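Next comes model_28.txt, a file with compact mmCIF, C-alpha atoms and all ligand atoms.
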```
# COMPACT_ATOMS: atom_id res chain seq x y z
CA MET S 114 25.24 -24.19 -28.37
CA PHE S 115 28.93 -24.34 -29.19
CA ASP S 116 29.19 -20.55 -28.65
CA LEU S 117 27.55 -20.95 -25.27
CA ILE S 118 30.00 -23.64 -24.15
CA LYS S 119 32.92 -21.59 -25.49
CA LYS S 120 31.78 -18.53 -23.55
CA ILE S 121 31.30 -20.52 -20.34
CA TRP S 122 34.78 -22.01 -20.80
CA LYS S 123 36.30 -18.57 -21.29
CA THR S 124 34.45 -16.64 -18.60
CA LYS S 125 33.99 -19.47 -16.08
CA THR S 126 30.46 -18.25 -15.59
CA VAL S 127 26.98 -18.81 -17.02
CA THR S 128 25.45 -15.59 -15.73
CA LYS S 129 26.34 -13.24 -18.58
CA THR S 130 23.04 -11.96 -19.98
CA ASP S 131 24.46 -11.45 -23.47
CA LEU S 132 24.60 -15.21 -23.87
CA PHE S 133 20.89 -15.16 -24.52
CA THR S 134 19.09 -13.51 -27.36
CA ASP S 135 15.96 -11.41 -27.00
CA ALA S 136 12.68 -13.24 -27.35
CA PRO S 137 10.51 -12.46 -30.39
CA GLU S 138 8.44 -9.30 -30.00
CA ARG S 139 5.17 -11.21 -29.58
CA PHE S 140 6.58 -13.67 -27.03
CA ARG S 141 4.47 -13.61 -23.87
CA GLY S 142 6.93 -12.75 -21.14
CA LYS S 143 6.66 -10.98 -17.82
CA PRO S 144 3.91 -8.47 -17.04
CA ILE S 145 4.85 -5.00 -15.87
CA LEU S 146 2.91 -2.31 -14.02
CA VAL S 147 2.98 0.69 -16.31
CA SER S 148 0.69 3.40 -15.08
CA ASN S 149 -0.75 4.81 -11.92
CA GLU S 150 -4.22 5.00 -13.47
CA CYS S 151 -5.33 1.88 -11.61
CA THR S 152 -8.94 2.18 -10.46
CA GLY S 153 -8.62 -0.39 -7.70
CA CYS S 154 -11.14 -2.70 -9.36
CA GLN S 155 -9.18 -5.79 -8.27
CA ALA S 156 -9.97 -7.56 -11.55
CA CYS S 157 -6.29 -8.48 -12.01
CA SER S 158 -5.74 -9.88 -8.53
CA THR S 159 -9.02 -11.82 -8.70
CA ALA S 160 -8.28 -13.27 -12.14
CA CYS S 161 -4.62 -14.11 -11.52
CA PRO S 162 -4.40 -17.92 -11.28
CA ALA S 163 -1.08 -17.73 -9.43
CA LYS S 164 -2.18 -15.12 -6.87
CA ALA S 165 0.82 -13.06 -7.92
CA ILE S 166 -0.92 -9.68 -7.66
CA THR S 167 -1.98 -8.01 -4.45
CA LEU S 168 -3.53 -4.62 -3.85
CA GLU S 169 -3.17 -2.77 -0.62
CA GLN S 170 -4.78 0.39 0.63
CA ASN S 171 -2.00 2.75 1.50
CA GLY S 172 -3.28 6.01 2.97
CA ASP S 173 -4.91 7.92 0.11
CA ALA S 174 -3.53 5.60 -2.54
CA ILE S 175 -3.36 1.97 -3.47
CA THR S 176 -0.19 -0.06 -3.88
CA VAL S 177 -0.28 -2.77 -6.52
CA SER S 178 2.34 -5.50 -6.01
CA LEU S 179 3.29 -8.09 -8.59
CA SER S 180 5.48 -11.02 -7.66
CA TYR S 181 7.54 -12.78 -10.30
CA THR S 182 8.24 -15.60 -7.87
CA THR S 183 4.79 -17.01 -8.58
CA CYS S 184 3.74 -15.33 -11.85
CA ILE S 185 3.34 -17.85 -14.69
CA PHE S 186 3.30 -15.27 -17.53
CA CYS S 187 -0.27 -16.20 -18.54
CA GLY S 188 -1.18 -12.60 -19.45
CA ILE S 189 -4.67 -12.67 -17.93
CA CYS S 190 -4.03 -9.64 -15.71
CA ALA S 191 -3.31 -7.43 -18.73
CA GLU S 192 -6.37 -8.78 -20.54
CA VAL S 193 -8.76 -7.93 -17.72
CA CYS S 194 -7.30 -4.52 -16.85
CA ASP S 195 -9.57 -1.85 -18.33
CA THR S 196 -7.17 0.99 -17.72
CA ASP S 197 -4.17 -0.60 -19.43
CA ALA S 198 -2.18 -0.38 -16.22
CA ILE S 199 -0.51 -3.74 -16.86
CA HIS S 200 1.43 -4.60 -20.00
CA ILE S 201 2.86 -7.91 -21.12
CA THR S 202 6.47 -7.71 -22.28
CA ASN S 203 8.66 -10.19 -24.12
CA GLU S 204 11.15 -10.22 -21.25
CA TYR S 205 11.74 -13.67 -19.79
CA ARG S 206 14.98 -13.27 -17.88
CA LEU S 207 14.31 -13.05 -14.17
CA ALA S 208 17.58 -14.19 -12.61
CA THR S 209 18.71 -12.01 -9.74
CA LYS S 210 20.83 -12.26 -6.64
CA ASN S 211 18.31 -10.27 -4.64
CA LYS S 212 14.92 -11.95 -4.09
CA ASP S 213 13.31 -8.58 -3.27
CA GLU S 214 13.81 -7.52 -6.89
CA LEU S 215 11.28 -10.17 -7.91
CA THR S 216 8.45 -8.11 -6.48
CA VAL S 217 7.53 -4.88 -8.25
CA LYS S 218 5.21 -2.25 -6.80
CA LYS S 219 3.32 0.70 -8.19
CA GLN S 220 1.50 3.35 -6.22
CA THR S 221 -1.77 4.54 -7.73
CA THR S 222 -3.68 7.77 -7.28
CA VAL S 223 -6.94 6.09 -6.31
CA ALA S 224 -8.27 6.59 -2.82
CA LYS S 225 -10.20 3.39 -2.22
CA LEU S 226 -10.07 -0.23 -3.25
CA LEU S 227 -13.34 -1.14 -4.93
CA PRO S 228 -15.20 -4.25 -3.85
CA VAL S 229 -14.29 -7.25 -6.02
CA GLY S 230 -16.42 -7.41 -9.17
CA LYS S 231 -17.72 -3.84 -8.91
CA GLU S 232 -18.00 -1.95 -12.24
CA VAL S 233 -16.04 1.32 -12.53
S1 LIG Y 1 0.67 -12.90 -16.00
FE1 LIG Y 1 -0.83 -14.36 -15.11
S2 LIG Y 1 0.20 -15.21 -13.33
FE2 LIG Y 1 1.35 -13.39 -13.90
S3 LIG Y 1 0.49 -11.75 -12.64
FE3 LIG Y 1 -0.63 -11.74 -14.60
S4 LIG Y 1 -2.43 -13.04 -14.24
FE4 LIG Y 1 -0.96 -13.46 -12.60
S1 LIG Y 2 -7.29 -1.17 -12.82
FE1 LIG Y 2 -6.02 -2.79 -13.67
S2 LIG Y 2 -4.21 -2.86 -12.32
FE2 LIG Y 2 -5.82 -1.74 -11.24
S3 LIG Y 2 -6.87 -3.26 -9.99
FE3 LIG Y 2 -8.02 -3.07 -11.90
S4 LIG Y 2 -7.18 -4.66 -13.22
FE4 LIG Y 2 -5.71 -4.37 -11.57
```
Could I get this file's structure written as structure tokens?
Ligand code: SF4
Ligand code: SF4
Amino acid sequence: MFDLIKKIWKTKTVTKTDLFTDAPERFRGKPILVSNECTGCQACSTACPAKAITLEQNGDAITVSLSYTTCIFCGICAEVCDTDAIHITNEYRLATKNKDELTVKKQTTVAKLLPVGKEV
């Protein structure tokens, strides 16, 4: 705590990321979209309690969007994803000056969104 106050006093800012240490490896932080192997099953968007995930048909592909403005880091999306297209990281720092950076998108190679609840 003293180091933190000292650093703020010196730099006149609290936005330096090196003030904070990394979370433990098993800390449940933000989810990330890691692969384009999404099958369009919509299990993640249906299960997400915060409605932070949306899927959109985009020509021949699907765009998966994840918004950190509403995500509560519960990890359910990664649990229900059969293709391992979502991973939970130990990252918890979300501060940004650009709100658009709080939405991440991934384009998949799947042609059609499957009806909700349909087995793949
Ligand atoms: S971690 Fe939870 S709240 Fe965040 S996108 Fe996944 S299911 Fe939704
Ligand atoms: S495959 Fe995974 S990322 Fe794609 S819609 Fe299903 S649960 Fe979501």
Practice item. Would you mind reading off the distance between atom S1 of ligand LIG 2 (chain Y) and atom CA of Ala198 of chain S, one decimal, in Å? Key: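 Answer for the atom S1 of ligand LIG 2 (chain Y) to atom CA of Ala198 of chain S separation: 6.2 Å.
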Practice item. Within 7 Å of ligand LIG 1 (chain Y), which residues show up when you count only C-alpha atoms and all ligand atoms? List them as a PyMOL selection string, please. Key: chain S and resi 143-144+157+160-166+179+183-191
Atoms to include: C-alpha atoms. Write the selected residues as a short mmCIF file (atom, residue, chain, number, x, y, z; two decimals), in the frame of the given file.
```
data_model
loop_
_atom_site.label_atom_id
_atom_site.label_comp_id
_atom_site.auth_asym_id
_atom_site.auth_seq_id
_atom_site.Cartn_x
_atom_site.Cartn_y
_atom_site.Cartn_z
CA LYS S 143 6.66 -10.98 -17.82
CA PRO S 144 3.91 -8.47 -17.04
CA CYS S 157 -6.29 -8.48 -12.01
CA ALA S 160 -8.28 -13.27 -12.14
CA CYS S 161 -4.62 -14.11 -11.52
CA PRO S 162 -4.40 -17.92 -11.28
CA ALA S 163 -1.08 -17.73 -9.43
CA LYS S 164 -2.18 -15.12 -6.87
CA ALA S 165 0.82 -13.06 -7.92
CA ILE S 166 -0.92 -9.68 -7.66
CA LEU S 179 3.29 -8.09 -8.59
CA THR S 183 4.79 -17.01 -8.58
CA CYS S 184 3.74 -15.33 -11.85
CA ILE S 185 3.34 -17.85 -14.69
CA PHE S 186 3.30 -15.27 -17.53
CA CYS S 187 -0.27 -16.20 -18.54
CA GLY S 188 -1.18 -12.60 -19.45
CA ILE S 189 -4.67 -12.67 -17.93
CA CYS S 190 -4.03 -9.64 -15.71
CA ALA S 191 -3.31 -7.43 -18.73
#
```
Starting from 6 Å padding per side, set up an axis-aligned box that covers all listed atoms of ligand LIG 2 (chain Y) and hand over centre and edge lengths in Å, one decimal, as JSON.
```
{"center_x": -6.1, "center_y": -2.9, "center_z": -11.8, "size_x": 15.8, "size_y": 15.5, "size_z": 15.7}
```
Practice item. Might you pull out every residue within 10 Å of Val229 of chain S, with all atoms listed in the file counted and same-chain residues fewer than 5 positions away left off, and present them as an MDAnalysis selection string? Key: chainID S and resid 153:156 158:159
Residues within 12 Å of Lys212 of chain S, please, as a PDB file with C-alpha atoms, in the coordinates of the input. Count only C-alpha atoms; anything in the same chain fewer than 6 positions from it doesn't count.
```
ATOM      1  CA  SER S 180       5.480 -11.020  -7.660  1.00  0.00           C
ATOM      2  CA  TYR S 181       7.540 -12.780 -10.300  1.00  0.00           C
ATOM      3  CA  THR S 182       8.240 -15.600  -7.870  1.00  0.00           C
TER       4      THR S 182
END
```
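Note that the spacing between atom CA of Lys125 of chain S and atom CA of Gly142 of chain S amounts to 28.3 Å.
Reported to one decimal place, the separation of atom CA of Lys119 of chain S from atom CA of Glu138 of chain S is 27.8 Å.
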Practice item. For a cut-off of 9 Å around (-3.1, 1.8, -4.2), file coordinates, pick out all residues using all atoms listed in the file and list them as a PyMOL selection string. Key: chain S and resi 149+151-153+168-177+219-226
Okay, now the selection with C-alpha atoms, as a PDB file, in the coordinates of the input?
```
ATOM      1  CA  ASN S 149      -0.750   4.810 -11.920  1.00  0.00           C
ATOM      2  CA  CYS S 151      -5.330   1.880 -11.610  1.00  0.00           C
ATOM      3  CA  THR S 152      -8.940   2.180 -10.460  1.00  0.00           C
ATOM      4  CA  GLY S 153      -8.620  -0.390  -7.700  1.00  0.00           C
ATOM      5  CA  LEU S 168      -3.530  -4.620  -3.850  1.00  0.00           C
ATOM      6  CA  GLU S 169      -3.170  -2.770  -0.620  1.00  0.00           C
ATOM      7  CA  GLN S 170      -4.780   0.390   0.630  1.00  0.00           C
ATOM      8  CA  ASN S 171      -2.000   2.750   1.500  1.00  0.00           C
ATOM      9  CA  GLY S 172      -3.280   6.010   2.970  1.00  0.00           C
ATOM     10  CA  ASP S 173      -4.910   7.920   0.110  1.00  0.00           C
ATOM     11  CA  ALA S 174      -3.530   5.600  -2.540  1.00  0.00           C
ATOM     12  CA  ILE S 175      -3.360   1.970  -3.470  1.00  0.00           C
ATOM     13  CA  THR S 176      -0.190  -0.060  -3.880  1.00  0.00           C
ATOM     14  CA  VAL S 177      -0.280  -2.770  -6.520  1.00  0.00           C
ATOM     15  CA  LYS S 219       3.320   0.700  -8.190  1.00  0.00           C
ATOM     16  CA  GLN S 220       1.500   3.350  -6.220  1.00  0.00           C
ATOM     17  CA  THR S 221      -1.770   4.540  -7.730  1.00  0.00           C
ATOM     18  CA  THR S 222      -3.680   7.770  -7.280  1.00  0.00           C
ATOM     19  CA  VAL S 223      -6.940   6.090  -6.310  1.00  0.00           C
ATOM     20  CA  ALA S 224      -8.270   6.590  -2.820  1.00  0.00           C
ATOM     21  CA  LYS S 225     -10.200   3.390  -2.220  1.00  0.00           C
ATOM     22  CA  LEU S 226     -10.070  -0.230  -3.250  1.00  0.00           C
TER      23      LEU S 226
END
```
**Study point:** Nearest to ligand LIG 2 (chain Y), chosen from S:Ala208, S:Thr216, S:Thr202, S:Glu150, with only C-alpha atoms and all ligand atoms counted in the distances
**Key:**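 Residue with the minimum atom-to-atom distance to ligand LIG 2 (chain Y): S:Glu150.
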Check your understanding: With only C-alpha atoms and all ligand atoms as the basis for distance, which of S:Glu192, S:Asp116, S:Asp213, S:Glu204 is at the shortest distance from ligand LIG 2 (chain Y)?
Key ->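 Counting only C-alpha atoms and all ligand atoms, the residue closest to ligand LIG 2 (chain Y) is S:Glu192.
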Review point. So, counting only C-alpha atoms, which residue among S:Thr124, S:Lys210, S:Ser148, S:Pro137 is closest to Asp195 of chain S?
Key: S:Ser148
